[in-house]
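Notes follow once the structure below has been shown.
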Amino acid sequence: MLGTKVFSLEQLERAVVMFTAHAAAVAKLRQQASLANCLQVFPRTSLFSSGDSYSGSRIIALPYSTDNTRDLFQAAIGGLRALYRPGPAYAKAGVVLSQFVERSAITGDLFAPKPRSNSESLMRGDAFPA
């Protein structure tokens, strides 16, 4: 839920980035040592608005299992930009992660893109010493 009506792509992007960060870090993905293989992003107008109504959703298959917030941001923003239509007042946006696997159960795929280097230590917060 956005809290207020949103009209610009930039405002929607900020909300989606916040939801994605929450899904990756706070809402158990990293806490459970899990990785996601799929991300769904959606914006929609109010169900009760009398003006333009719009609802869209995009499911993005991630190139590799990840909990890397940067990769999740990239997928979510790319999906949102493909769905965005100027004009209506958006009342809700969201991100759903799915197709989870345990970090310890991952085997590499010879043909898949390589995950970002130093991703694990950066996402744990120990990549930059205090």
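Convention: chains lettered A, B, ... in structure tokens order; per-chain residue numbering from 1; ligands numbered from 1 as shown.
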(request) List the neighbours of A:Gly56 out to 8 Å using only C-alpha atoms; skip same-chain residues closer than 2 positions along the sequence, and give me the result as a list in words. (result) Phe42, Pro43, Arg44, Tyr54, Arg58 and Leu83 of chain A
Output all heavy atoms for every residue in that selection, as a PDB file, in the first residue's frame.
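So again_35.pdb came out as:
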```pdb
ATOM      1  N   PHE A  42       3.926  -5.281  -9.230  1.00  0.00           N
ATOM      2  CA  PHE A  42       2.633  -4.814  -9.722  1.00  0.00           C
ATOM      3  C   PHE A  42       2.325  -3.411  -9.230  1.00  0.00           C
ATOM      4  O   PHE A  42       2.621  -3.081  -8.091  1.00  0.00           O
ATOM      5  CB  PHE A  42       1.507  -5.770  -9.302  1.00  0.00           C
ATOM      6  CG  PHE A  42       1.316  -5.859  -7.809  1.00  0.00           C
ATOM      7  CD1 PHE A  42       0.454  -5.001  -7.143  1.00  0.00           C
ATOM      8  CD2 PHE A  42       1.999  -6.804  -7.072  1.00  0.00           C
ATOM      9  CE1 PHE A  42       0.284  -5.086  -5.768  1.00  0.00           C
ATOM     10  CE2 PHE A  42       1.835  -6.892  -5.700  1.00  0.00           C
ATOM     11  CZ  PHE A  42       0.972  -6.041  -5.048  1.00  0.00           C
ATOM     12  N   PRO A  43       1.748  -2.567 -10.091  1.00  0.00           N
ATOM     13  CA  PRO A  43       1.133  -1.307  -9.693  1.00  0.00           C
ATOM     14  C   PRO A  43      -0.366  -1.389  -9.994  1.00  0.00           C
ATOM     15  O   PRO A  43      -0.780  -2.122 -10.896  1.00  0.00           O
ATOM     16  CB  PRO A  43       1.796  -0.284 -10.613  1.00  0.00           C
ATOM     17  CG  PRO A  43       2.001  -1.061 -11.886  1.00  0.00           C
ATOM     18  CD  PRO A  43       2.209  -2.502 -11.481  1.00  0.00           C
ATOM     19  N   ARG A  44      -1.169  -0.666  -9.222  1.00  0.00           N
ATOM     20  CA  ARG A  44      -2.593  -0.610  -9.562  1.00  0.00           C
ATOM     21  C   ARG A  44      -3.226   0.631  -8.984  1.00  0.00           C
ATOM     22  O   ARG A  44      -2.768   1.184  -7.989  1.00  0.00           O
ATOM     23  CB  ARG A  44      -3.304  -1.872  -9.147  1.00  0.00           C
ATOM     24  CG  ARG A  44      -3.796  -1.902  -7.759  1.00  0.00           C
ATOM     25  CD  ARG A  44      -4.754  -3.053  -7.534  1.00  0.00           C
ATOM     26  NE  ARG A  44      -5.384  -2.811  -6.275  1.00  0.00           N
ATOM     27  CZ  ARG A  44      -5.619  -3.718  -5.367  1.00  0.00           C
ATOM     28  NH1 ARG A  44      -5.314  -4.958  -5.583  1.00  0.00           N
ATOM     29  NH2 ARG A  44      -6.188  -3.390  -4.251  1.00  0.00           N
ATOM     30  N   TYR A  54      -6.424   0.996 -13.572  1.00  0.00           N
ATOM     31  CA  TYR A  54      -5.379   0.207 -14.214  1.00  0.00           C
ATOM     32  C   TYR A  54      -4.783  -0.737 -13.192  1.00  0.00           C
ATOM     33  O   TYR A  54      -4.592  -0.380 -12.031  1.00  0.00           O
ATOM     34  CB  TYR A  54      -4.287   1.119 -14.782  1.00  0.00           C
ATOM     35  CG  TYR A  54      -3.090   0.364 -15.299  1.00  0.00           C
ATOM     36  CD1 TYR A  54      -3.169  -0.372 -16.481  1.00  0.00           C
ATOM     37  CD2 TYR A  54      -1.894   0.373 -14.602  1.00  0.00           C
ATOM     38  CE1 TYR A  54      -2.072  -1.081 -16.950  1.00  0.00           C
ATOM     39  CE2 TYR A  54      -0.788  -0.322 -15.076  1.00  0.00           C
ATOM     40  CZ  TYR A  54      -0.894  -1.051 -16.249  1.00  0.00           C
ATOM     41  OH  TYR A  54       0.193  -1.742 -16.708  1.00  0.00           O
ATOM     42  N   ARG A  58       3.813  -8.085 -13.596  1.00  0.00           N
ATOM     43  CA  ARG A  58       4.855  -8.711 -14.411  1.00  0.00           C
ATOM     44  C   ARG A  58       5.631  -9.667 -13.526  1.00  0.00           C
ATOM     45  O   ARG A  58       6.038  -9.312 -12.422  1.00  0.00           O
ATOM     46  CB  ARG A  58       5.771  -7.658 -14.998  1.00  0.00           C
ATOM     47  CG  ARG A  58       6.924  -8.288 -15.732  1.00  0.00           C
ATOM     48  CD  ARG A  58       7.331  -7.682 -17.012  1.00  0.00           C
ATOM     49  NE  ARG A  58       6.280  -7.417 -17.953  1.00  0.00           N
ATOM     50  CZ  ARG A  58       6.465  -6.707 -19.039  1.00  0.00           C
ATOM     51  NH1 ARG A  58       7.639  -6.199 -19.296  1.00  0.00           N
ATOM     52  NH2 ARG A  58       5.489  -6.498 -19.880  1.00  0.00           N
ATOM     53  N   LEU A  83       5.457  -1.724 -17.018  1.00  0.00           N
ATOM     54  CA  LEU A  83       4.027  -1.694 -16.687  1.00  0.00           C
ATOM     55  C   LEU A  83       3.461  -0.287 -16.550  1.00  0.00           C
ATOM     56  O   LEU A  83       2.257  -0.085 -16.710  1.00  0.00           O
ATOM     57  CB  LEU A  83       3.791  -2.420 -15.352  1.00  0.00           C
ATOM     58  CG  LEU A  83       4.024  -3.914 -15.345  1.00  0.00           C
ATOM     59  CD1 LEU A  83       4.078  -4.428 -13.911  1.00  0.00           C
ATOM     60  CD2 LEU A  83       2.939  -4.618 -16.130  1.00  0.00           C
TER      61      LEU A  83
END
```
(request) Find, counting only C-alpha atoms, the residue in A:Ala33, A:Ala21, A:Ile59, A:Leu80 that gets nearest to A:Ala93. (result)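 Of all the options, A:Leu80 lies closest to A:Ala93.
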(message) Just want the 8 Å neighbourhood of A:Ile106, counted on only C-alpha atoms, with same-chain residues fewer than 4 positions away dropped. Output as a PyMOL selection string.
(response) chain A and resi 65+101-102
Can I get the selection written as a PDB file, in the first residue's frame, with all heavy atoms?
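Written out: again-v4.pdb:
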```pdb
ATOM      1  N   SER A  65      19.537 -17.798  -8.756  1.00  0.00           N
ATOM      2  CA  SER A  65      18.967 -17.686  -7.413  1.00  0.00           C
ATOM      3  C   SER A  65      19.709 -16.599  -6.657  1.00  0.00           C
ATOM      4  O   SER A  65      20.939 -16.587  -6.641  1.00  0.00           O
ATOM      5  CB  SER A  65      19.115 -19.012  -6.673  1.00  0.00           C
ATOM      6  OG  SER A  65      18.521 -20.051  -7.410  1.00  0.00           O
ATOM      7  N   VAL A 101      14.788 -21.257  -2.762  1.00  0.00           N
ATOM      8  CA  VAL A 101      15.675 -22.399  -2.543  1.00  0.00           C
ATOM      9  C   VAL A 101      16.582 -22.049  -1.367  1.00  0.00           C
ATOM     10  O   VAL A 101      16.845 -20.878  -1.106  1.00  0.00           O
ATOM     11  CB  VAL A 101      16.526 -22.737  -3.790  1.00  0.00           C
ATOM     12  CG1 VAL A 101      15.666 -23.208  -4.939  1.00  0.00           C
ATOM     13  CG2 VAL A 101      17.365 -21.547  -4.218  1.00  0.00           C
ATOM     14  N   GLU A 102      17.026 -23.079  -0.686  1.00  0.00           N
ATOM     15  CA  GLU A 102      17.976 -22.851   0.407  1.00  0.00           C
ATOM     16  C   GLU A 102      19.339 -22.533  -0.174  1.00  0.00           C
ATOM     17  O   GLU A 102      19.768 -23.140  -1.154  1.00  0.00           O
ATOM     18  CB  GLU A 102      18.078 -24.089   1.288  1.00  0.00           C
ATOM     19  CG  GLU A 102      16.839 -24.366   2.094  1.00  0.00           C
ATOM     20  CD  GLU A 102      17.013 -25.580   2.979  1.00  0.00           C
ATOM     21  OE1 GLU A 102      18.135 -25.790   3.501  1.00  0.00           O
ATOM     22  OE2 GLU A 102      16.030 -26.309   3.141  1.00  0.00           O
TER      23      GLU A 102
END
```
(request) Could you tell me how far atom CA of A:Leu62 lies from atom CA of A:Cys38, in Å and to one decimal? (result)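 Going from atom CA of A:Leu62 over to atom CA of A:Cys38 covers 5.4 Å.
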(request) Rank nothing, just name the residue among A:Ser104, A:Ser46, A:Thr4, A:Asn68 nearest to A:Leu29, using only C-alpha atoms. (result)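 Checking each of A:Ser104, A:Ser46, A:Thr4, A:Asn68 against A:Leu29, counting only C-alpha atoms, the winner is A:Asn68.
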(message) Going by DSSP on the backbone, which residues of stretch 10-119 of chain A come out as strand (DSSP E)? List them as a ChimeraX atom specification.
(response) /A:34-45,58-66,90-102
(message) Here is a test: counting only C-alpha atoms, which residue of A:Gly3, A:Gly78, A:Thr20, A:Asp67 is nearest to A:Ser34?
(response)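 Comparing A:Gly3, A:Gly78, A:Thr20, A:Asp67 against A:Ser34, the winner is A:Asp67.
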(request) Tell me which protein, DNA and RNA residues are within 10 Å of A:Leu39, counting only C-alpha atoms, leaving out same-chain ones fewer than 3 positions away, and put them as a ChimeraX atom specification. (result) /A:20,36,58-62,72-73,75-76,79,95-99
Saved selection, atoms kept: N, CA, C and O atoms, as a compact mmCIF listing (two decimals), in the first residue's frame:
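In the end it all went to out.txt:
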```
# COMPACT_ATOMS: atom_id res chain seq x y z
N THR A 20 10.98 -3.92 -2.08
CA THR A 20 11.95 -4.94 -2.46
C THR A 20 13.01 -5.12 -1.39
O THR A 20 13.36 -6.25 -1.03
N ALA A 36 15.78 -16.32 -3.89
CA ALA A 36 14.60 -16.29 -4.75
C ALA A 36 15.01 -16.51 -6.20
O ALA A 36 16.09 -16.09 -6.62
N ARG A 58 3.81 -8.08 -13.60
CA ARG A 58 4.85 -8.71 -14.41
C ARG A 58 5.63 -9.67 -13.53
O ARG A 58 6.04 -9.31 -12.42
N ILE A 59 5.84 -10.86 -14.02
CA ILE A 59 6.65 -11.87 -13.33
C ILE A 59 7.98 -11.95 -14.05
O ILE A 59 8.03 -12.11 -15.28
N ILE A 60 9.05 -11.83 -13.28
CA ILE A 60 10.40 -11.82 -13.85
C ILE A 60 11.16 -13.03 -13.31
O ILE A 60 11.33 -13.16 -12.09
N ALA A 61 11.60 -13.89 -14.20
CA ALA A 61 12.46 -15.00 -13.80
C ALA A 61 13.86 -14.43 -13.63
O ALA A 61 14.40 -13.81 -14.54
N LEU A 62 14.43 -14.61 -12.47
CA LEU A 62 15.77 -14.09 -12.19
C LEU A 62 16.81 -14.98 -12.86
O LEU A 62 16.61 -16.19 -12.97
N LEU A 72 17.61 -7.73 -7.22
CA LEU A 72 16.17 -7.66 -7.04
C LEU A 72 15.63 -6.29 -7.42
O LEU A 72 14.57 -6.17 -8.06
N PHE A 73 16.37 -5.21 -7.06
CA PHE A 73 15.98 -3.85 -7.47
C PHE A 73 15.92 -3.76 -8.99
O PHE A 73 14.97 -3.23 -9.55
N ALA A 75 15.50 -6.04 -11.27
CA ALA A 75 14.36 -6.77 -11.83
C ALA A 75 13.04 -6.05 -11.55
O ALA A 75 12.20 -5.90 -12.44
N ALA A 76 12.86 -5.59 -10.31
CA ALA A 76 11.61 -4.93 -9.93
C ALA A 76 11.41 -3.62 -10.70
O ALA A 76 10.32 -3.36 -11.22
N GLY A 79 10.64 -4.31 -14.40
CA GLY A 79 9.24 -4.74 -14.56
C GLY A 79 8.27 -3.60 -14.38
O GLY A 79 7.31 -3.44 -15.14
N VAL A 95 5.74 -5.97 -4.47
CA VAL A 95 6.74 -6.92 -4.96
C VAL A 95 6.51 -8.23 -4.22
O VAL A 95 6.31 -8.24 -3.01
N VAL A 96 6.53 -9.32 -4.97
CA VAL A 96 6.39 -10.65 -4.39
C VAL A 96 7.57 -11.48 -4.86
O VAL A 96 7.82 -11.58 -6.06
N LEU A 97 8.30 -12.06 -3.93
CA LEU A 97 9.39 -12.97 -4.26
C LEU A 97 8.86 -14.39 -4.17
O LEU A 97 8.03 -14.69 -3.31
N SER A 98 9.36 -15.28 -5.03
CA SER A 98 8.88 -16.66 -5.00
C SER A 98 9.94 -17.62 -5.54
O SER A 98 11.03 -17.21 -5.92
N GLN A 99 9.56 -18.88 -5.57
CA GLN A 99 10.43 -19.97 -6.02
C GLN A 99 11.73 -19.97 -5.22
O GLN A 99 12.82 -19.84 -5.77
```
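The space separating atom CA of A:Pro88 from atom CA of A:Ser53 comes to 6.7 Å.
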(request) Measure the distance from atom CA of A:Val41 to atom CA of A:Gly94 in Å and round it to one decimal. (result)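 About the pair atom CA of A:Val41 and atom CA of A:Gly94: they are 5.7 Å apart.
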(message) Between A:Ala23, A:Leu35, A:Leu9, A:Ala91, which residue has the minimum interatomic distance to A:Asp52, considering only C-alpha atoms?
(response)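 That would be A:Ala91, the residue with the smallest distance to A:Asp52.
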